[in-house]
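K.L.:
Input structure: my_file_11.cif, which contains mmCIF, C-alpha atoms.
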data_coords
#
loop_
_atom_site.label_atom_id
_atom_site.label_comp_id
_atom_site.auth_asym_id
_atom_site.auth_seq_id
_atom_site.Cartn_x
_atom_site.Cartn_y
_atom_site.Cartn_z
CA MET A 7 146.36 82.73 141.07
CA GLU A 8 148.56 80.25 139.24
CA LYS A 9 151.87 81.57 138.02
CA PRO A 10 151.59 82.67 134.38
CA ILE A 11 153.48 81.06 131.51
CA TYR A 12 154.20 84.48 130.00
CA ARG A 13 154.39 87.93 131.49
CA LEU A 14 155.04 90.92 129.26
CA GLU A 15 156.10 94.19 130.89
CA GLY A 16 156.65 97.49 129.09
CA ILE A 17 157.11 95.81 125.71
CA ARG A 18 158.08 98.05 122.81
CA HIS A 19 159.07 96.60 119.47
CA ARG A 20 160.38 98.64 116.57
CA TYR A 21 161.29 98.12 112.95
CA GLY A 22 163.65 100.96 112.20
CA ASN A 23 162.12 104.12 113.64
CA ARG A 24 158.58 102.74 113.58
CA THR A 25 157.10 101.31 116.77
CA VAL A 26 154.89 98.37 115.81
CA LEU A 27 154.02 96.98 119.23
CA ARG A 28 153.35 98.64 122.61
CA ILE A 29 152.13 96.44 125.43
CA ASP A 30 152.37 97.69 129.01
CA VAL A 31 151.31 94.49 130.80
CA LEU A 32 150.00 91.17 129.52
CA GLU A 33 149.87 87.81 131.30
CA ILE A 34 149.10 84.47 129.67
CA HIS A 35 148.26 81.54 131.94
CA LYS A 36 148.62 77.80 131.59
CA GLY A 37 145.85 76.13 129.63
CA GLU A 38 144.28 79.35 128.34
CA ILE A 39 143.10 79.72 124.78
CA ILE A 40 143.63 83.38 123.91
CA GLY A 41 142.56 85.06 120.70
CA LEU A 42 144.24 88.05 119.09
CA VAL A 43 142.05 90.26 116.91
CA GLY A 44 142.70 93.47 115.05
CA PRO A 45 143.12 94.82 111.52
CA ASN A 46 146.16 94.22 109.34
CA GLY A 47 149.19 95.93 110.81
CA SER A 48 147.83 95.89 114.36
CA GLY A 49 150.74 93.82 115.71
CA LYS A 50 149.21 90.34 115.94
CA SER A 51 151.93 88.52 113.98
CA THR A 52 154.66 90.55 115.67
CA LEU A 53 153.38 89.57 119.11
CA LEU A 54 153.30 85.90 118.10
CA ARG A 55 156.89 86.07 116.85
CA LEU A 56 157.97 87.53 120.19
CA LEU A 57 156.10 84.80 122.08
CA ALA A 58 157.81 82.20 119.85
CA PHE A 59 161.24 83.74 120.58
CA ILE A 60 161.83 84.30 116.89
CA GLU A 61 162.45 87.97 117.64
CA ASN A 62 163.47 89.79 120.81
CA PRO A 63 161.56 92.91 121.90
CA SER A 64 163.29 96.24 121.35
CA ALA A 65 162.51 97.24 124.94
CA GLY A 66 160.75 95.81 127.97
CA ARG A 67 160.69 92.36 129.53
CA LEU A 68 159.20 89.19 128.12
CA LEU A 69 159.24 86.58 130.87
CA TYR A 70 158.64 82.90 130.12
CA PHE A 71 158.32 80.38 132.93
CA SER A 72 159.39 77.02 131.53
CA GLU A 73 159.16 73.53 132.95
CA GLY A 74 162.90 73.03 132.82
CA ARG A 75 163.44 72.70 129.07
CA LYS A 76 164.58 75.34 126.64
CA PRO A 77 161.63 77.45 125.45
CA HIS A 78 162.13 76.34 121.83
CA PHE A 79 161.30 72.79 122.93
CA GLU A 80 158.06 73.90 124.62
CA VAL A 81 156.75 76.54 122.21
CA THR A 82 155.83 76.15 118.55
CA LEU A 83 154.40 78.55 115.96
CA LEU A 84 152.20 77.75 112.97
CA THR A 85 152.41 80.57 110.44
CA GLN A 86 149.67 81.70 108.09
CA GLU A 87 151.44 80.25 105.05
CA PRO A 88 152.32 76.65 105.95
CA TYR A 89 155.86 75.65 105.10
CA LEU A 90 156.24 71.97 104.26
CA LEU A 91 159.42 70.11 103.53
CA LYS A 92 159.76 68.61 100.06
CA ARG A 93 158.88 65.13 101.20
CA ASP A 94 155.76 63.11 101.96
CA VAL A 95 153.31 63.75 104.79
CA PHE A 96 154.96 61.18 107.06
CA GLY A 97 158.32 62.87 106.61
CA ASN A 98 156.85 66.29 107.40
CA VAL A 99 154.87 65.31 110.48
CA GLY A 100 157.62 63.09 111.90
CA TYR A 101 160.49 65.49 111.20
CA GLY A 102 160.45 67.23 114.59
CA LEU A 103 160.43 63.93 116.46
CA ARG A 104 163.40 62.67 114.45
CA VAL A 105 165.35 65.85 115.15
CA ARG A 106 164.70 65.39 118.87
CA GLY A 107 165.72 61.74 118.70
CA GLU A 108 162.24 60.57 119.70
CA ARG A 109 161.88 57.64 117.33
CA ALA A 110 159.90 55.28 119.57
CA ASN A 111 156.43 54.59 118.16
CA LEU A 112 157.11 57.13 115.42
CA GLN A 113 154.63 55.65 112.96
CA ARG A 114 151.82 55.53 115.49
CA ARG A 115 152.47 59.07 116.77
CA VAL A 116 152.39 60.47 113.25
CA GLU A 117 149.16 58.62 112.49
CA GLU A 118 147.57 59.92 115.70
CA ALA A 119 148.52 63.51 114.89
CA LEU A 120 146.96 63.19 111.44
CA GLU A 121 143.78 61.79 112.98
CA TRP A 122 143.64 64.79 115.31
CA VAL A 123 143.44 67.17 112.35
CA GLY A 124 140.92 65.01 110.50
CA LEU A 125 143.21 63.43 107.90
CA ASP A 126 142.97 59.68 107.32
CA PRO A 127 146.52 58.30 107.76
CA ALA A 128 145.91 55.52 105.25
CA ALA A 129 145.00 58.08 102.58
CA PHE A 130 147.49 60.83 103.40
CA ILE A 131 150.62 59.49 105.06
CA ARG A 132 152.48 58.84 101.79
CA ARG A 133 151.20 61.83 99.84
CA LYS A 134 153.79 64.29 98.61
CA TRP A 135 153.71 67.91 99.71
CA TYR A 136 152.59 69.06 96.25
CA GLU A 137 149.59 66.71 96.26
CA LEU A 138 147.86 68.59 99.09
CA SER A 139 145.25 71.32 98.88
CA GLY A 140 145.74 74.54 100.86
CA GLY A 141 143.54 73.33 103.70
CA GLU A 142 145.20 69.91 103.77
CA ALA A 143 148.68 71.47 103.81
CA GLN A 144 147.70 73.68 106.76
CA ARG A 145 146.38 70.66 108.66
CA VAL A 146 149.55 68.67 107.95
CA ALA A 147 151.60 71.62 109.23
CA LEU A 148 149.46 71.70 112.39
CA ALA A 149 149.86 67.94 112.85
CA ALA A 150 153.65 68.41 112.63
CA ARG A 151 153.39 70.71 115.67
CA LEU A 152 150.81 68.70 117.62
CA VAL A 153 152.92 65.55 117.37
CA LEU A 154 155.48 67.33 119.58
CA ARG A 155 152.86 67.85 122.31
CA PRO A 156 153.82 71.50 122.79
CA ARG A 157 153.30 73.34 126.05
CA VAL A 158 152.45 76.47 124.04
CA LEU A 159 150.89 76.44 120.57
CA LEU A 160 150.90 79.72 118.63
CA LEU A 161 148.64 79.97 115.58
CA ASP A 162 148.91 82.89 113.15
CA GLU A 163 145.75 83.24 111.03
CA PRO A 164 145.35 79.43 110.78
CA THR A 165 142.04 79.65 108.89
CA ALA A 166 142.87 82.51 106.51
CA ASN A 167 143.30 80.39 103.38
CA VAL A 168 141.45 77.19 104.20
CA ASP A 169 138.00 75.74 103.55
CA ALA A 170 135.25 75.52 106.19
CA GLU A 171 136.00 71.87 106.95
CA SER A 172 139.67 72.59 107.59
CA ALA A 173 138.75 75.55 109.81
CA ARG A 174 136.52 73.29 111.89
CA ARG A 175 139.18 70.59 112.16
CA ILE A 176 141.83 73.12 113.23
CA GLN A 177 139.50 74.42 115.94
CA GLU A 178 138.73 70.90 117.19
CA ALA A 179 142.42 69.96 117.28
CA ALA A 180 143.31 73.09 119.26
CA ILE A 181 140.59 72.40 121.83
CA LYS A 182 141.67 68.77 122.10
CA ALA A 183 145.30 69.76 122.77
CA GLN A 184 144.18 72.15 125.49
CA GLU A 185 141.92 69.54 127.11
CA ARG A 186 144.31 66.57 126.77
CA TRP A 187 147.67 68.16 127.59
CA GLY A 188 146.79 71.54 129.09
CA THR A 189 148.41 73.26 126.11
CA THR A 190 148.28 77.04 126.19
CA ILE A 191 147.10 78.38 122.83
CA VAL A 192 147.43 81.89 121.42
CA VAL A 193 145.70 82.33 118.07
CA SER A 194 145.26 85.33 115.79
CA SER A 195 142.44 85.57 113.28
CA HIS A 196 140.27 88.01 111.34
CA ASP A 197 137.40 85.57 111.80
CA TRP A 198 135.75 87.01 114.90
CA TRP A 199 133.08 84.35 115.28
CA TRP A 200 135.51 81.48 114.82
CA LEU A 201 137.59 82.97 117.65
CA LEU A 202 134.58 83.62 119.88
CA ASN A 203 133.64 79.95 119.79
CA LEU A 204 137.20 78.83 120.51
CA CYS A 205 138.77 81.20 123.02
CA ASP A 206 138.51 81.80 126.74
CA ARG A 207 139.32 85.46 126.15
CA VAL A 208 140.26 87.73 123.28
CA VAL A 209 142.86 90.52 123.25
CA HIS A 210 142.09 93.33 120.82
CA LEU A 211 145.12 94.93 119.15
CA PHE A 212 145.09 98.20 117.24
CA GLU A 213 148.11 100.13 115.97
CA GLY A 214 150.33 97.89 118.09
CA GLN A 215 148.47 98.51 121.35
CA ALA A 216 146.55 95.96 123.42
CA LEU A 217 143.25 97.74 123.99
CA GLY A 218 141.63 95.22 126.28
CA SER A 219 140.62 91.63 126.86
CA GLY A 220 137.45 90.54 125.16
CA VAL A 221 135.75 91.47 121.95
CA GLY A 222 135.38 95.20 121.66
CA ASN A 223 134.24 98.20 119.69
CA LEU A 224 136.40 100.79 117.97
CA ILE A 225 134.78 104.17 117.44
CA PHE A 226 136.60 106.16 114.77
CA GLY A 227 136.55 109.86 113.99
CA PRO A 228 136.48 112.39 112.55
CA TRP A 229 135.11 114.24 115.57
CA LYS A 230 133.82 117.80 115.47
CA LYS A 231 133.94 120.01 118.54
CA ILE A 232 130.46 121.43 119.21
CA GLY A 233 130.79 122.93 122.67
CA ASP A 234 132.72 123.07 125.89
CA ASN A 235 134.37 119.64 126.03
CA LEU A 236 131.72 118.12 123.74
CA TRP A 237 132.50 116.40 120.46
CA LYS A 238 130.25 114.98 117.74
CA ARG A 239 130.69 112.12 115.30
CA THR A 240 128.00 111.87 112.63
CA LEU A 241 127.34 108.30 111.51
CA SER A 242 126.62 107.19 107.96
CA ASN A 243 122.84 107.11 108.49
CA GLY A 244 122.64 110.58 110.03
CA GLN A 245 122.56 109.54 113.68
CA ALA A 246 125.25 111.05 115.87
CA ILE A 247 127.47 110.19 118.79
CA ILE A 248 127.97 113.16 121.10
CA CYS A 249 130.62 112.52 123.68
CA PRO A 250 132.70 114.41 126.26
CA ASN A 251 136.45 114.17 126.81
CA VAL A 252 137.40 113.31 123.22
CA PRO A 253 141.15 114.06 122.90
CA GLY A 254 141.02 115.31 119.31
CA GLU A 255 139.34 115.16 115.91
CA ASN A 256 141.13 111.97 114.84
CA ALA A 257 140.78 110.18 118.17
CA ILE A 258 139.77 106.52 118.27
CA GLY A 259 137.67 105.23 121.13
CA TRP A 260 137.52 101.69 122.49
CA ILE A 261 134.68 100.23 124.53
CA GLU A 262 134.01 96.67 125.58
CA PRO A 263 130.61 95.04 124.87
CA GLU A 264 129.74 95.30 128.55
CA GLY A 265 129.60 99.08 128.07
CA ILE A 266 126.86 98.81 125.44
CA ARG A 267 123.35 97.76 126.43
CA ILE A 268 120.59 96.63 124.10
CA GLY A 269 117.02 97.74 124.62
CA LEU A 270 113.80 97.10 122.76
CA ILE A 271 112.06 99.79 120.76
CA GLU A 272 108.65 100.24 122.36
CA ASN A 273 105.66 101.93 120.72
CA GLY A 274 107.81 103.05 117.80
CA LYS A 275 110.06 105.15 120.03
CA LYS A 276 113.59 105.30 118.73
CA GLY A 277 116.86 106.02 120.42
CA ASP A 278 118.20 109.57 120.18
CA ALA A 279 121.73 110.84 120.26
CA ASN A 280 122.47 112.27 123.68
CA SER A 281 123.43 115.84 124.39
CA GLY A 282 126.60 115.25 126.31
CA THR A 283 125.37 112.97 129.10
CA ARG A 284 127.08 109.71 129.98
CA VAL A 285 124.65 107.68 127.87
CA ILE A 286 124.64 107.73 124.06
CA GLU A 287 121.51 106.22 122.50
CA LEU A 288 121.33 104.96 118.92
CA GLN A 289 118.98 102.85 116.87
CA GLY A 290 120.22 99.85 114.93
CA ARG A 291 119.43 96.39 113.68
CA VAL A 292 120.62 93.07 115.13
CA ALA A 293 122.72 91.21 112.56
CA ASN A 294 123.61 88.05 114.46
CA LEU A 295 124.12 86.44 117.84
CA ALA A 296 127.02 84.23 118.91
CA ALA A 297 128.18 82.42 122.02
CA TYR A 298 131.40 83.84 123.41
CA GLY A 299 133.90 81.61 125.19
CA LYS A 300 133.29 78.67 127.45
CA LYS A 301 131.02 80.63 129.83
CA ASN A 302 128.44 80.87 127.04
CA HIS A 303 128.15 84.62 127.07
CA LEU A 304 126.04 85.89 124.21
CA VAL A 305 127.37 88.62 121.92
CA ALA A 306 125.02 90.54 119.64
CA THR A 307 126.21 92.38 116.54
CA VAL A 308 124.19 95.53 115.90
CA TRP A 309 124.62 97.63 112.76
CA VAL A 310 123.92 101.35 113.00
CA GLY A 311 124.14 102.46 109.39
CA GLU A 312 127.57 101.22 108.28
CA GLU A 313 129.00 101.07 111.82
CA ARG A 314 129.09 97.83 113.79
CA PHE A 315 128.67 97.59 117.55
CA LEU A 316 129.07 94.48 119.70
CA SER A 317 127.08 94.11 122.90
CA LEU A 318 127.28 91.43 125.60
CA ILE A 319 123.75 90.49 126.54
CA ASN A 320 121.96 88.36 129.10
CA PRO A 321 119.14 86.44 127.40
CA GLU A 322 117.23 86.47 130.69
CA ASP A 323 117.09 90.27 130.60
CA THR A 324 116.58 91.01 126.91
CA VAL A 325 115.48 88.66 124.15
CA VAL A 326 116.46 89.77 120.66
CA VAL A 327 116.65 88.02 117.32
CA PRO A 328 118.58 88.75 114.11
CA GLY A 329 116.82 91.35 111.97
CA GLN A 330 115.17 93.06 114.93
CA GLU A 331 115.41 96.83 115.37
CA VAL A 332 116.77 97.78 118.78
CA CYS A 333 118.17 100.69 120.75
CA ILE A 334 121.72 100.57 122.01
CA SER A 335 122.92 102.65 124.95
CA ILE A 336 126.65 103.39 125.06
CA ASP A 337 128.18 104.32 128.40
CA ALA A 338 130.45 107.21 127.41
CA GLY A 339 132.28 106.95 130.71
CA ARG A 340 133.60 103.54 129.72
CA ILE A 341 135.15 104.66 126.45
CA ARG A 342 138.93 104.40 126.49
CA TRP A 343 140.71 106.75 124.12
CA LEU A 344 143.61 105.38 122.13
CA ASP A 345 146.98 107.01 122.63
CA ARG A 346 148.17 107.71 119.07
CA ASN A 347 151.30 109.66 120.02
#
Render the structure in this file as C-alpha cells.

P.N.:
Amino acid sequence: MEKPIYRLEGIRHRYGNRTVLRIDVLEIHKGEIIGLVGPNGSGKSTLLRLLAFIENPSAGRLLYFSEGRKPHFEVTLLTQEPYLLKRDVFGNVGYGLRVRGERANLQRRVEEALEWVGLDPAAFIRRKWYELSGGEAQRVALAARLVLRPRVLLLDEPTANVDAESARRIQEAAIKAQERWGTTIVVSSHDWWWLLNLCDRVVHLFEGQALGSGVGNLIFGPWKKIGDNLWKRTLSNGQAIICPNVPGENAIGWIEPEGIRIGLIENGKKGDANSGTRVIELQGRVANLAAYGKKNHLVATVWVGEERFLSLINPEDTVVVPGQEVCISIDAGRIRWLDRN
C-alpha cells in the first residue's frame, strides 16, 4: 500500500484537564477524500487543527510525510467562518501567491480559482469583501486556498452557513482538486448526505474518539439490566433492544451499517425484539436512500420511532423504497461499546 500522507499514533489532546481527542491509530492516504462526522464537541475541528499544524497534540505522534517542502506550504485549512482581508476579491484570492512570491500569471490564476468555485471573475474580481453574501464569501475563501494548489485541503463545516448552490459548488471544486492535482481532502460536516456523495470514506467521531470508518449508528442508553448479562433499551415507540455484554446503564454502542440488514415484512409479520440472541429485530420505516462514496454503495435510513438506523444494502438482494415498512436485523456481536472512562 502507498505510504500515507498522515499517520496518527496514540493521539491525545487536552484543553486543561479535559481530554477532547483520543485517536489510537489513523492513516490518511494521498488523494483520499475523507469525511469527519459527529455531533458538536466530538473533536472534528480539533482534529483538523492538528492536521493543519495549528496546534500540537498533547501526547502521541502525528506523522506527516511531505514532498520536501514545509508542511505549511502543502496544507491549508478553510474554517467554518471564512476570514477575508479588507480588500477586494482579487486581493484576497491572490494574497497567498503574493506572499510566496509567485506573481507569474497572477491575474489568470486568480480568475481560474474563481471559476472553480462558480464565481464569474468579470462580476466578482473587484468586489469588496463586504459586498459578498455568506455563500459567496465562503467560495472566495475556498478559491484563495485552491489557487495555491495544496497537497492537503482541510475543510471545517464548509457548507454550514451557505446556500444550496454554494454547497454544490464547494463539493464540485473539492472533487476537481482531487482529480486534477491528487489533493488529499479532509472535510467535516453535519450534512451526512452531502458527505456521502463526496467522500471515499467517513470517520465517525464521538466524544473525541474515532469510532470507525464509514457512516455508522450510535445506540444510546439508558440500559436496564434484565438478566444474567442481558440489558434492555426501550425505544420511543415501545419496541426494545435486548443485548448482551453492555458495559453499563449509560453505555453507548456503535455499529456500522454492514451490521444492520434490511428485510421485507411478509404477510404482515413484524420484527420482534430478541431475547438475548445475537440478532436484534425491529420494525421501522425507510426514510431515504443515498449513494455512498465512489463505489456507489447504497445507504438506507430507517426510522424506528424516534431512533435512526443506517443500513448498507445491496439493491440486487433487497429492493426498498422510501416510505416502506421494513424489518431491520442488528448483529449484536458487531456492536462496539464506547469507552467513556

K.L.:
For CA of Gln86 in chain A and CA of Arg18 in chain A, determine how far apart the two atoms are, in Å to one decimal place.

P.N.:
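Those two atoms sit 23.6 Å apart.
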
K.L.:
Written as a ChimeraX atom specification, what is the full residue list that the PyMOL selection byres ((chain A and resi 209) around 7) yields on the file shown?

P.N.:
/A:41-43,207-208,210-211,216,218-220

K.L.:
Given the selection you just returned, output its residues as a file containing C-alpha atoms, formatted as a compact mmCIF listing (two decimals), in the frame of the given file.

P.N.:
# COMPACT_ATOMS: atom_id res chain seq x y z
CA GLY A 41 142.56 85.06 120.70
CA LEU A 42 144.24 88.05 119.09
CA VAL A 43 142.05 90.26 116.91
CA ARG A 207 139.32 85.46 126.15
CA VAL A 208 140.26 87.73 123.28
CA HIS A 210 142.09 93.33 120.82
CA LEU A 211 145.12 94.93 119.15
CA ALA A 216 146.55 95.96 123.42
CA GLY A 218 141.63 95.22 126.28
CA SER A 219 140.62 91.63 126.86
CA GLY A 220 137.45 90.54 125.16

K.L.:
Rounded to one decimal place, report the CA of Leu54 in chain A-CA of Ser195 in chain A distance in Å.

P.N.:
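CA of Leu54 in chain A sits 11.9 Å away from CA of Ser195 in chain A.
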
K.L.:
From the list A:Leu217, A:Ile319, A:Ala257, A:Ala170, which residue is nearest Ala297 in chain A when using only C-alpha atoms?

P.N.:
A:Ile319

K.L.:
Using only C-alpha atoms, which residues of range 155-250 of chain A come within 7 Å of range 128-150 of chain A, and what is the closest atom pair for each, with the distance in Å to one decimal? Give it as a tab-separated table, sorted by chain and residue number.

P.N.:
residue	atom	partner	partner_atom	distance
A:Asn167	CA	A:Gly140	CA	6.8
A:Val168	CA	A:Gly141	CA	4.4
A:Asp169	CA	A:Gly141	CA	6.0
A:Ser172	CA	A:Gly141	CA	5.5
A:Ile176	CA	A:Arg145	CA	6.9

K.L.:
Could those residues be written to a file, using C-alpha atoms, as a PDB file, keeping the file's coordinate frame?

P.N.:
ATOM      1  CA  ASN A 167     143.300  80.390 103.380  1.00  0.00           C
ATOM      2  CA  VAL A 168     141.450  77.190 104.200  1.00  0.00           C
ATOM      3  CA  ASP A 169     138.000  75.740 103.550  1.00  0.00           C
ATOM      4  CA  SER A 172     139.670  72.590 107.590  1.00  0.00           C
ATOM      5  CA  ILE A 176     141.830  73.120 113.230  1.00  0.00           C
TER       6      ILE A 176
END

K.L.:
What's around Gly47 in chain A at 10 Å? Count all atoms listed in the file, leave out sequence neighbours fewer than 4 positions away in its own chain, and write the answer as a ChimeraX atom specification.

P.N.:
/A:26-27,51-52,211-214

K.L.:
Now that the selection is made, can you save its residues with C-alpha atoms as a PDB file, in the frame of the given file?

P.N.:
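After the write, result.pdb holds the following:
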ATOM      1  CA  VAL A  26     154.890  98.370 115.810  1.00  0.00           C
ATOM      2  CA  LEU A  27     154.020  96.980 119.230  1.00  0.00           C
ATOM      3  CA  SER A  51     151.930  88.520 113.980  1.00  0.00           C
ATOM      4  CA  THR A  52     154.660  90.550 115.670  1.00  0.00           C
ATOM      5  CA  LEU A 211     145.120  94.930 119.150  1.00  0.00           C
ATOM      6  CA  PHE A 212     145.090  98.200 117.240  1.00  0.00           C
ATOM      7  CA  GLU A 213     148.110 100.130 115.970  1.00  0.00           C
ATOM      8  CA  GLY A 214     150.330  97.890 118.090  1.00  0.00           C
TER       9      GLY A 214
END

K.L.:
What does the structure give for the distance between CA of Val31 in chain A and CA of Ile17 in chain A, in Å to one decimal?

P.N.:
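It comes out at 7.8 Å.
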
K.L.:
Which residues would end up in the selection if the PyMOL selection byres ((chain A and resi 153) around 7) were applied here, given that I need the answer as a PyMOL selection string?

P.N.:
chain A and resi 115-116+119+149-152+154-155

K.L.:
Find the residues around Thr307 in chain A up to 9 Å (all atoms listed in the file counted), leave out those fewer than 6 positions away in its own chain, and share them as a PyMOL selection string.

P.N.:
chain A and resi 291-296+314-317+328

K.L.:
For each of A:Gly222, A:Pro250, A:Gly16, A:Pro263, take the minimum atom-to-atom distance to Pro63 in chain A, counting all atoms listed in the file, then give the residue where this is smallest.

P.N.:
A:Gly16

K.L.:
Residues within 8 Å of Asn256 in chain A, please, as a PyMOL selection string. Count only C-alpha atoms; anything in the same chain fewer than 2 positions from it doesn't count.

P.N.:
chain A and resi 226-229+254+258

K.L.:
Evaluate the PyMOL selection byres ((chain A and resi 334) around 9) here and jot the selected residues down as an NGL selection string.

P.N.:
:A and (266-270 or 277 or 286-290 or 308 or 315 or 317 or 332-333 or 335-336)

K.L.:
Neighbouring residues of His78 in chain A were defined as those with any atom within 8 Å, considering only C-alpha atoms; residues of the same chain fewer than 2 positions away were excluded. Please report them as a PDB file with C-alpha atoms, in the frame of the given file.

P.N.:
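This is the output file part_37.pdb:
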ATOM      1  CA  ALA A  58     157.810  82.200 119.850  1.00  0.00           C
ATOM      2  CA  PHE A  59     161.240  83.740 120.580  1.00  0.00           C
ATOM      3  CA  LYS A  76     164.580  75.340 126.640  1.00  0.00           C
ATOM      4  CA  GLU A  80     158.060  73.900 124.620  1.00  0.00           C
ATOM      5  CA  VAL A  81     156.750  76.540 122.210  1.00  0.00           C
ATOM      6  CA  THR A  82     155.830  76.150 118.550  1.00  0.00           C
TER       7      THR A  82
END

K.L.:
Of the candidates A:Leu344, A:Ile29, A:Ala306, A:Leu57, which shows the shortest atom-to-atom distance to Leu202 in chain A, using all atoms listed in the file?

P.N.:
A:Ala306

K.L.:
When you count all atoms listed in the file, which of these residues is closest to Ala166 in chain A: A:Thr25, A:Ser242, A:Gln215, A:Ser194?

P.N.:
A:Ser194

K.L.:
For a quick check of your reading of the model, name the residues lying within 8 Å of the coordinate (133.3, 117.9, 123.1), counting all atoms listed in the file, and write them as a ChimeraX atom specification.

P.N.:
/A:230-238,248-252,282
